file start22.cif (mmCIF, C-alpha atoms)
data_protein
loop_
_atom_site.label_atom_id
_atom_site.label_comp_id
_atom_site.auth_asym_id
_atom_site.auth_seq_id
_atom_site.Cartn_x
_atom_site.Cartn_y
_atom_site.Cartn_z
CA MET T 13 -59.31 -153.80 -153.21
CA THR T 14 -58.02 -157.15 -154.40
CA LYS T 15 -54.29 -157.59 -154.64
CA ILE T 16 -53.04 -159.06 -157.89
CA ASP T 17 -50.23 -161.57 -158.09
CA ALA T 18 -48.91 -161.54 -161.68
CA GLN T 19 -47.68 -165.05 -162.28
CA PRO T 20 -44.96 -165.26 -164.95
CA PHE T 21 -46.01 -166.39 -168.40
CA ASN T 22 -43.92 -168.47 -170.76
CA ARG T 23 -40.90 -166.66 -172.34
CA LEU T 24 -38.92 -165.44 -175.83
CA SER T 25 -35.84 -163.69 -177.19
CA LEU T 26 -35.59 -159.95 -176.64
CA THR T 27 -33.08 -157.68 -178.27
CA ARG T 28 -32.14 -154.34 -176.69
CA ARG T 29 -34.43 -152.44 -179.04
CA HIS T 30 -37.34 -154.70 -178.04
CA PHE T 31 -36.45 -154.01 -174.43
CA LEU T 32 -36.60 -150.27 -175.09
CA GLY T 33 -40.06 -150.74 -176.53
CA ALA T 34 -41.18 -152.76 -173.58
CA THR T 35 -39.83 -150.16 -171.22
CA VAL T 36 -42.23 -147.66 -172.06
CA ALA T 37 -47.55 -149.30 -173.05
CA VAL T 38 -51.95 -148.50 -174.22
CA GLY T 39 -55.17 -148.90 -177.18
CA ALA T 40 -54.85 -146.62 -180.20
CA ALA T 41 -53.60 -147.65 -183.59
CA GLY T 42 -50.89 -146.42 -185.89
CA ALA T 43 -47.12 -146.38 -185.71
CA LEU T 44 -45.39 -143.02 -185.99
CA PRO T 45 -42.96 -142.71 -188.92
CA VAL T 46 -39.26 -142.57 -188.11
CA SER T 47 -38.83 -139.62 -190.45
CA ALA T 48 -41.20 -137.54 -188.33
CA PHE T 49 -39.16 -138.25 -185.22
CA ALA T 50 -35.91 -137.51 -187.00
CA GLN T 51 -37.34 -134.12 -187.93
CA ALA T 52 -38.52 -133.61 -184.35
CA GLN T 53 -35.04 -134.36 -183.03
CA ALA T 54 -33.46 -131.94 -185.49
CA GLN T 55 -35.87 -129.18 -184.41
CA ALA T 56 -35.82 -130.09 -180.71
CA PRO T 57 -34.69 -126.71 -179.27
CA ALA T 58 -37.31 -124.70 -181.15
CA GLN T 59 -40.05 -127.21 -180.39
CA ALA T 60 -39.16 -127.35 -176.73
CA ALA T 61 -39.35 -123.55 -176.56
CA ALA T 62 -42.74 -123.58 -178.30
CA ALA T 63 -44.04 -126.23 -175.93
CA ASN T 64 -42.98 -124.16 -172.93
CA LEU T 65 -44.63 -121.03 -174.33
CA ASN T 66 -47.96 -122.86 -174.56
CA PRO T 67 -47.90 -125.83 -172.16
CA GLY T 68 -51.72 -125.81 -171.78
CA ILE T 69 -53.19 -129.21 -172.57
CA ALA T 70 -49.81 -130.97 -172.49
CA GLN T 71 -49.25 -130.05 -168.84
CA ALA T 72 -52.85 -130.92 -167.94
CA ILE T 73 -52.46 -134.33 -169.57
CA ALA T 74 -49.09 -134.92 -167.92
CA ASP T 75 -50.51 -134.02 -164.50
CA HIS T 76 -53.51 -136.32 -165.03
CA PHE T 77 -51.31 -139.23 -166.09
CA SER T 78 -48.95 -138.65 -163.16
CA SER T 79 -51.90 -138.79 -160.75
CA ILE T 80 -52.63 -142.39 -161.76
CA LYS T 81 -50.44 -144.40 -159.42
CA THR T 82 -51.35 -147.91 -160.57
CA MET T 83 -52.69 -149.41 -163.77
CA LYS T 84 -52.86 -152.71 -165.60
CA GLY T 85 -54.11 -154.00 -168.92
CA GLY T 86 -53.16 -155.71 -172.14
CA PHE T 87 -50.63 -154.59 -174.71
CA LEU T 88 -49.63 -155.11 -178.33
CA GLN T 89 -45.94 -154.47 -179.06
CA ILE T 90 -44.93 -153.76 -182.67
CA GLY T 91 -41.21 -154.02 -183.34
CA PRO T 92 -39.03 -152.23 -185.92
CA ARG T 93 -39.61 -154.98 -188.49
CA GLY T 94 -43.35 -155.15 -187.91
CA ASP T 95 -43.09 -158.17 -185.62
CA GLN T 96 -45.87 -158.29 -183.04
CA MET T 97 -46.06 -159.61 -179.50
CA SER T 98 -48.85 -159.28 -176.95
CA GLY T 99 -49.30 -159.77 -173.24
CA SER T 100 -50.23 -158.08 -169.97
CA PHE T 101 -48.65 -155.05 -168.29
CA PHE T 102 -48.65 -153.74 -164.72
CA ILE T 103 -47.52 -150.26 -163.61
CA GLN T 104 -47.03 -148.79 -160.16
CA ARG T 105 -45.51 -145.36 -159.58
CA PRO T 106 -42.81 -144.51 -158.96
CA GLY T 107 -40.64 -146.66 -161.16
CA LYS T 108 -42.30 -150.08 -161.21
CA MET T 109 -43.51 -152.04 -164.22
CA ARG T 110 -43.94 -155.61 -165.38
CA PHE T 111 -44.54 -157.10 -168.82
CA ASN T 112 -45.76 -160.70 -169.13
CA TYR T 113 -45.57 -161.83 -172.76
CA ASP T 114 -48.12 -164.27 -174.16
CA PRO T 115 -46.98 -167.68 -175.49
CA PRO T 116 -45.11 -168.68 -177.55
CA SER T 117 -42.93 -165.91 -176.11
CA ARG T 118 -40.82 -167.02 -173.17
CA MET T 119 -39.98 -163.60 -171.84
CA ARG T 120 -40.75 -161.27 -168.95
CA VAL T 121 -39.65 -157.70 -168.21
CA ILE T 122 -39.61 -156.56 -164.58
CA CYS T 123 -38.79 -153.09 -163.24
CA ASP T 124 -38.52 -152.73 -159.46
CA GLY T 125 -37.92 -148.97 -159.25
CA ASN T 126 -34.14 -149.19 -159.55
CA ASN T 127 -33.36 -151.66 -162.32
CA VAL T 128 -35.04 -153.31 -165.28
CA GLN T 129 -34.54 -157.05 -165.74
CA VAL T 130 -35.25 -158.85 -169.02
CA ILE T 131 -35.78 -162.57 -168.47
CA ASN T 132 -35.58 -164.89 -171.47
CA ASP T 133 -36.25 -168.49 -170.47
CA GLN T 134 -35.70 -169.75 -174.00
CA THR T 135 -32.06 -168.65 -174.04
CA GLN T 136 -31.68 -168.93 -170.25
CA THR T 137 -30.53 -165.30 -169.97
CA ARG T 138 -31.27 -162.48 -167.53
CA ASN T 139 -30.13 -159.02 -168.55
CA MET T 140 -30.17 -156.02 -166.22
CA TYR T 141 -30.44 -152.31 -167.10
CA GLN T 142 -30.37 -149.27 -164.82
CA LEU T 143 -33.83 -147.67 -164.88
CA SER T 144 -32.51 -144.10 -164.77
CA LYS T 145 -30.59 -144.72 -168.01
CA THR T 146 -33.70 -145.71 -170.00
CA PRO T 147 -36.59 -143.56 -171.32
CA LEU T 148 -38.87 -145.77 -169.24
CA SER T 149 -37.89 -143.68 -166.23
CA LEU T 150 -39.79 -140.74 -167.75
CA LEU T 151 -42.97 -142.79 -168.14
CA LEU T 152 -42.81 -144.20 -164.61
CA ALA T 153 -41.83 -141.01 -162.78
CA ASN T 154 -44.06 -139.60 -160.04
CA LYS T 155 -44.37 -136.44 -162.15
CA ILE T 156 -43.92 -136.13 -165.90
CA ASP T 157 -41.15 -133.60 -166.53
CA LEU T 158 -42.12 -131.09 -169.23
CA SER T 159 -39.11 -128.85 -168.72
CA ALA T 160 -37.26 -127.53 -171.76
CA ASP T 161 -34.44 -130.06 -171.52
CA MET T 162 -36.92 -132.97 -171.63
CA VAL T 163 -39.54 -131.92 -174.18
CA ARG T 164 -38.71 -132.65 -177.81
CA ASP T 165 -42.16 -132.05 -179.25
CA VAL T 166 -45.80 -131.47 -178.32
CA ASP T 167 -48.41 -132.13 -181.02
CA SER T 168 -51.97 -131.51 -179.81
CA LYS T 169 -54.95 -132.26 -182.03
CA PRO T 170 -58.68 -132.57 -181.19
CA ASP T 171 -58.48 -136.37 -180.91
CA LEU T 172 -54.91 -137.18 -179.83
CA THR T 173 -52.04 -135.37 -178.12
CA LYS T 174 -48.47 -136.59 -178.58
CA ILE T 175 -45.76 -135.62 -176.10
CA THR T 176 -42.20 -136.57 -177.06
CA LEU T 177 -39.60 -136.60 -174.30
CA GLY T 178 -35.87 -137.22 -174.25
CA ASN T 179 -32.61 -136.11 -172.75
CA ARG T 180 -29.50 -136.43 -174.91
CA THR T 181 -27.23 -136.25 -171.89
CA VAL T 182 -28.91 -139.25 -170.26
CA PHE T 183 -30.48 -141.25 -173.09
CA GLY T 184 -28.49 -140.17 -176.14
CA ASP T 185 -30.76 -140.07 -179.20
CA SER T 186 -33.41 -142.32 -177.65
CA THR T 187 -36.85 -140.72 -177.27
CA ILE T 188 -40.22 -141.75 -175.93
CA THR T 189 -43.49 -140.42 -177.33
CA MET T 190 -46.61 -140.83 -175.23
CA ILE T 191 -49.94 -140.59 -177.07
CA PHE T 192 -53.01 -139.52 -175.10
CA ASP T 193 -56.68 -139.06 -175.82
CA SER T 194 -57.11 -135.28 -175.97
CA LYS T 195 -60.56 -135.41 -174.32
CA SER T 196 -60.21 -138.06 -171.61
CA TYR T 197 -56.42 -137.58 -171.13
CA ASP T 198 -56.08 -141.36 -171.09
CA LEU T 199 -52.82 -142.90 -172.30
CA ARG T 200 -53.30 -144.84 -175.55
CA GLN T 201 -49.82 -145.71 -176.76
CA TRP T 202 -46.15 -145.03 -176.36
CA THR T 203 -43.42 -145.21 -178.96
CA VAL T 204 -39.69 -145.55 -178.33
CA ILE T 205 -37.03 -144.68 -180.89
CA ASP T 206 -33.60 -146.10 -180.11
CA PRO T 207 -30.24 -144.47 -180.99
CA GLN T 208 -30.25 -146.30 -184.35
CA GLY T 209 -33.61 -144.76 -185.27
CA LYS T 210 -35.52 -148.04 -184.85
CA THR T 211 -39.11 -147.62 -183.69
CA THR T 212 -41.04 -149.81 -181.26
CA ASP T 213 -44.71 -149.12 -180.54
CA VAL T 214 -46.59 -150.31 -177.47
CA ILE T 215 -50.37 -150.03 -177.75
CA ILE T 216 -52.41 -150.69 -174.63
CA ASN T 217 -55.97 -151.89 -174.09
CA ASN T 218 -58.45 -152.98 -171.41
CA VAL T 219 -56.79 -150.59 -168.97
CA LYS T 220 -57.81 -150.55 -165.31
CA THR T 221 -56.50 -147.97 -162.85
CA ASN T 222 -56.16 -147.70 -159.08
CA VAL T 223 -55.62 -151.42 -158.59
CA ALA T 224 -53.54 -153.04 -155.84
CA PHE T 225 -50.63 -155.37 -156.59
CA ASP T 226 -48.84 -157.97 -154.53
CA ASP T 227 -45.22 -157.04 -153.80
CA SER T 228 -44.03 -160.05 -155.79
CA VAL T 229 -45.26 -158.56 -159.07
CA PHE T 230 -42.31 -156.16 -159.29
CA ARG T 231 -39.72 -158.22 -157.42
CA ILE T 232 -36.36 -158.93 -159.09
CA ASP T 233 -34.42 -161.96 -157.90
CA TYR T 234 -30.90 -160.53 -157.52
CA THR T 235 -29.55 -163.81 -156.18
CA ARG T 236 -29.76 -165.26 -159.70
#
call {"tool": "encode", "arguments": {"input": "start22.cif", "output": "structure tokens"}}
result
Amino acid sequence: MTKIDAQPFNRLSLTRRHFLGATVAVGAAGALPVSAFAQAQAQAPAQAAAANLNPGIAQAIADHFSSIKTMKGGFLQIGPRGDQMSGSFFIQRPGKMRFNYDPPSRMRVICDGNNVQVINDQTQTRNMYQLSKTPLSLLLANKIDLSADMVRDVDSKPDLTKITLGNRTVFGDSTITMIFDSKSYDLRQWTVIDPQGKTTDVIINNVKTNVAFDDSVFRIDYTR
């Protein structure tokens, strides 16, 4: 197995809501309307109860996704205003992720299992966030938690299954929705809604699993 050393790309400016989008990635189309999520949040207790009564495919998908310890591929990120950025992503469970944005962006996002660092070489800034305080921690966990206090909604259809997770105590009104292929159980997309109701979609493509990474891929330089 060849180890991959993800060299940093050029960089860009990243607001907190873009960061939230980046902290969660795969290849299906279509952004989910904010109104649908607002309704899901309002009905969260009932939906969580329903999901627990019939976990079925949702639990099977969650277990399958959790079993994939490493993956890499390309991504397309669609921001709240329809702005688009692309690049490459790398994931290693538990808790590690990297986003390299394509030029003209001058940005990288690195998660080392404890913290998430957003590097913007254009503005010469490096912002740090605690992983456990972001919805990204749910995506990168060793096991996807489908307990009642995490599940906001499960919507399973023949082609796609959407699992919306959140925890108001930890993340406030932020949620993450992971969209899977209902047949292959492969992750296709994730969507993050921030506390202001702004939506960021991350669509992934050309995904490869069970790859080996060099330790430097997820390394944060704390000396800087």
call {"tool": "residues_around", "arguments": {"input": "start22.cif", "residues": "segment 202-205 of chain T", "least_positions_apart": "6", "cutoff": "6 Å", "atoms": "all atoms listed in the file", "output": "JSON, numbers by chain"}}
result
{"T": [33, 37, 186, 187, 188, 189, 190, 191, 211, 212, 213, 214]}
call {"tool": "residues_around", "arguments": {"input": "start22.cif", "residues": "Val219 of chain T", "least_positions_apart": "2", "cutoff": "6 Å", "atoms": "all atoms listed in the file", "output": "number ranges by chain"}}
result
T: 84-85, 217
call {"tool": "atom_distance", "arguments": {"input": "start22.cif", "atom1": "atom CA of Leu172 of chain T", "atom2": "atom CA of Phe192 of chain T"}}
result
5.6 Å
call {"tool": "resolve_selection", "arguments": {"input": "start22.cif", "expression": "the PyMOL selection byres ((chain T and resi 94-111) around 7)", "output": "VMD selection string"}}
result
chain T and resid 81 to 93 112 to 114 120 to 125 149 152 to 154 230
call {"tool": "resolve_selection", "arguments": {"input": "start22.cif", "expression": "the PyMOL selection byres ((chain T and resi 129) around 8)", "output": "list in words"}}
result
Val121, Ile122, Cys123, Asn127, Val128, Val130, Ile131, Arg138, Asn139, Met140, Tyr141 and Ile232 of chain T
call {"tool": "atom_distance", "arguments": {"input": "start22.cif", "atom1": "atom CA of Pro170 of chain T", "atom2": "atom CA of Ile69 of chain T"}}
result
10.8 Å
call {"tool": "resolve_selection", "arguments": {"input": "start22.cif", "expression": "the PyMOL selection byres ((chain T and resi 193) around 10)", "output": "ChimeraX atom specification"}}
result
/T:40,73,168-174,191-192,194-201
call {"tool": "atom_distance", "arguments": {"input": "start22.cif", "atom1": "atom CA of Asp157 of chain T", "atom2": "atom CA of Gly209 of chain T"}}
result
23.1 Å
call {"tool": "decode", "arguments": {"input": "start22.cif", "residues": "segment 181-194 of chain T", "atoms": "all heavy atoms", "output": "PDB file, in the first residue's frame"}}
result
ATOM      1  N   THR T 181     -26.906  20.640  22.692  1.00  0.00           N
ATOM      2  CA  THR T 181     -26.057  20.941  23.844  1.00  0.00           C
ATOM      3  C   THR T 181     -24.627  21.243  23.404  1.00  0.00           C
ATOM      4  O   THR T 181     -23.969  22.134  23.941  1.00  0.00           O
ATOM      5  CB  THR T 181     -26.052  19.773  24.836  1.00  0.00           C
ATOM      6  OG1 THR T 181     -27.390  19.509  25.253  1.00  0.00           O
ATOM      7  CG2 THR T 181     -25.201  20.095  26.052  1.00  0.00           C
ATOM      8  N   VAL T 182     -24.154  20.512  22.389  1.00  0.00           N
ATOM      9  CA  VAL T 182     -22.763  20.647  21.954  1.00  0.00           C
ATOM     10  C   VAL T 182     -22.618  21.610  20.789  1.00  0.00           C
ATOM     11  O   VAL T 182     -21.737  22.471  20.771  1.00  0.00           O
ATOM     12  CB  VAL T 182     -22.195  19.268  21.559  1.00  0.00           C
ATOM     13  CG1 VAL T 182     -20.740  19.401  21.103  1.00  0.00           C
ATOM     14  CG2 VAL T 182     -22.299  18.293  22.715  1.00  0.00           C
ATOM     15  N   PHE T 183     -23.503  21.492  19.786  1.00  0.00           N
ATOM     16  CA  PHE T 183     -23.350  22.242  18.544  1.00  0.00           C
ATOM     17  C   PHE T 183     -24.371  23.357  18.358  1.00  0.00           C
ATOM     18  O   PHE T 183     -24.376  24.032  17.328  1.00  0.00           O
ATOM     19  CB  PHE T 183     -23.459  21.301  17.339  1.00  0.00           C
ATOM     20  CG  PHE T 183     -22.628  20.054  17.447  1.00  0.00           C
ATOM     21  CD1 PHE T 183     -23.207  18.809  17.361  1.00  0.00           C
ATOM     22  CD2 PHE T 183     -21.261  20.137  17.657  1.00  0.00           C
ATOM     23  CE1 PHE T 183     -22.450  17.651  17.470  1.00  0.00           C
ATOM     24  CE2 PHE T 183     -20.485  18.996  17.764  1.00  0.00           C
ATOM     25  CZ  PHE T 183     -21.082  17.749  17.670  1.00  0.00           C
ATOM     26  N   GLY T 184     -25.255  23.560  19.329  1.00  0.00           N
ATOM     27  CA  GLY T 184     -26.305  24.551  19.147  1.00  0.00           C
ATOM     28  C   GLY T 184     -27.258  24.091  18.052  1.00  0.00           C
ATOM     29  O   GLY T 184     -27.678  22.935  18.024  1.00  0.00           O
ATOM     30  N   ASP T 185     -27.605  24.995  17.139  1.00  0.00           N
ATOM     31  CA  ASP T 185     -28.525  24.659  16.054  1.00  0.00           C
ATOM     32  C   ASP T 185     -27.823  24.138  14.808  1.00  0.00           C
ATOM     33  O   ASP T 185     -28.457  23.934  13.776  1.00  0.00           O
ATOM     34  CB  ASP T 185     -29.371  25.882  15.687  1.00  0.00           C
ATOM     35  CG  ASP T 185     -30.411  26.216  16.756  1.00  0.00           C
ATOM     36  OD1 ASP T 185     -30.856  25.267  17.435  1.00  0.00           O
ATOM     37  OD2 ASP T 185     -30.761  27.391  16.910  1.00  0.00           O
ATOM     38  N   SER T 186     -26.517  23.918  14.877  1.00  0.00           N
ATOM     39  CA  SER T 186     -25.801  23.359  13.728  1.00  0.00           C
ATOM     40  C   SER T 186     -26.182  21.895  13.543  1.00  0.00           C
ATOM     41  O   SER T 186     -26.332  21.145  14.518  1.00  0.00           O
ATOM     42  CB  SER T 186     -24.297  23.466  13.929  1.00  0.00           C
ATOM     43  OG  SER T 186     -23.874  24.803  14.007  1.00  0.00           O
ATOM     44  N   THR T 187     -26.330  21.468  12.294  1.00  0.00           N
ATOM     45  CA  THR T 187     -26.608  20.067  11.987  1.00  0.00           C
ATOM     46  C   THR T 187     -25.733  19.625  10.821  1.00  0.00           C
ATOM     47  O   THR T 187     -25.245  20.440  10.043  1.00  0.00           O
ATOM     48  CB  THR T 187     -28.080  19.834  11.606  1.00  0.00           C
ATOM     49  OG1 THR T 187     -28.389  20.593  10.424  1.00  0.00           O
ATOM     50  CG2 THR T 187     -29.015  20.245  12.728  1.00  0.00           C
ATOM     51  N   ILE T 188     -25.559  18.335  10.721  1.00  0.00           N
ATOM     52  CA  ILE T 188     -24.887  17.751   9.563  1.00  0.00           C
ATOM     53  C   ILE T 188     -25.776  16.655   9.007  1.00  0.00           C
ATOM     54  O   ILE T 188     -26.277  15.810   9.758  1.00  0.00           O
ATOM     55  CB  ILE T 188     -23.486  17.208   9.925  1.00  0.00           C
ATOM     56  CG1 ILE T 188     -22.835  16.566   8.697  1.00  0.00           C
ATOM     57  CG2 ILE T 188     -23.556  16.219  11.083  1.00  0.00           C
ATOM     58  CD1 ILE T 188     -21.375  16.172   8.909  1.00  0.00           C
ATOM     59  N   THR T 189     -26.004  16.691   7.701  1.00  0.00           N
ATOM     60  CA  THR T 189     -26.770  15.653   7.017  1.00  0.00           C
ATOM     61  C   THR T 189     -25.841  14.899   6.085  1.00  0.00           C
ATOM     62  O   THR T 189     -25.201  15.497   5.219  1.00  0.00           O
ATOM     63  CB  THR T 189     -27.932  16.250   6.211  1.00  0.00           C
ATOM     64  OG1 THR T 189     -28.872  16.842   7.104  1.00  0.00           O
ATOM     65  CG2 THR T 189     -28.643  15.172   5.403  1.00  0.00           C
ATOM     66  N   MET T 190     -25.755  13.603   6.281  1.00  0.00           N
ATOM     67  CA  MET T 190     -24.949  12.751   5.416  1.00  0.00           C
ATOM     68  C   MET T 190     -25.877  12.023   4.451  1.00  0.00           C
ATOM     69  O   MET T 190     -26.897  11.463   4.872  1.00  0.00           O
ATOM     70  CB  MET T 190     -24.141  11.767   6.255  1.00  0.00           C
ATOM     71  CG  MET T 190     -23.064  12.439   7.076  1.00  0.00           C
ATOM     72  SD  MET T 190     -22.187  11.313   8.204  1.00  0.00           S
ATOM     73  CE  MET T 190     -23.409  11.175   9.526  1.00  0.00           C
ATOM     74  N   ILE T 191     -25.545  12.039   3.175  1.00  0.00           N
ATOM     75  CA  ILE T 191     -26.381  11.451   2.132  1.00  0.00           C
ATOM     76  C   ILE T 191     -25.647  10.251   1.542  1.00  0.00           C
ATOM     77  O   ILE T 191     -24.526  10.376   1.051  1.00  0.00           O
ATOM     78  CB  ILE T 191     -26.705  12.477   1.037  1.00  0.00           C
ATOM     79  CG1 ILE T 191     -27.399  13.697   1.661  1.00  0.00           C
ATOM     80  CG2 ILE T 191     -27.589  11.851  -0.038  1.00  0.00           C
ATOM     81  CD1 ILE T 191     -27.707  14.807   0.679  1.00  0.00           C
ATOM     82  N   PHE T 192     -26.300   9.090   1.610  1.00  0.00           N
ATOM     83  CA  PHE T 192     -25.691   7.844   1.173  1.00  0.00           C
ATOM     84  C   PHE T 192     -26.491   7.215   0.028  1.00  0.00           C
ATOM     85  O   PHE T 192     -27.708   7.406  -0.071  1.00  0.00           O
ATOM     86  CB  PHE T 192     -25.650   6.836   2.327  1.00  0.00           C
ATOM     87  CG  PHE T 192     -24.844   7.276   3.517  1.00  0.00           C
ATOM     88  CD1 PHE T 192     -25.430   8.016   4.534  1.00  0.00           C
ATOM     89  CD2 PHE T 192     -23.509   6.930   3.630  1.00  0.00           C
ATOM     90  CE1 PHE T 192     -24.699   8.411   5.647  1.00  0.00           C
ATOM     91  CE2 PHE T 192     -22.764   7.313   4.746  1.00  0.00           C
ATOM     92  CZ  PHE T 192     -23.358   8.063   5.744  1.00  0.00           C
ATOM     93  N   ASP T 193     -25.812   6.449  -0.781  1.00  0.00           N
ATOM     94  CA  ASP T 193     -26.471   5.605  -1.762  1.00  0.00           C
ATOM     95  C   ASP T 193     -27.170   4.469  -1.012  1.00  0.00           C
ATOM     96  O   ASP T 193     -26.538   3.741  -0.247  1.00  0.00           O
ATOM     97  CB  ASP T 193     -25.428   5.041  -2.736  1.00  0.00           C
ATOM     98  CG  ASP T 193     -26.058   4.249  -3.870  1.00  0.00           C
ATOM     99  OD1 ASP T 193     -26.735   3.239  -3.591  1.00  0.00           O
ATOM    100  OD2 ASP T 193     -25.875   4.625  -5.040  1.00  0.00           O
ATOM    101  N   SER T 194     -28.468   4.309  -1.216  1.00  0.00           N
ATOM    102  CA  SER T 194     -29.234   3.324  -0.456  1.00  0.00           C
ATOM    103  C   SER T 194     -28.866   1.890  -0.809  1.00  0.00           C
ATOM    104  O   SER T 194     -29.131   0.969  -0.019  1.00  0.00           O
ATOM    105  CB  SER T 194     -30.734   3.526  -0.687  1.00  0.00           C
ATOM    106  OG  SER T 194     -31.155   4.767  -0.169  1.00  0.00           O
TER     107      SER T 194
END
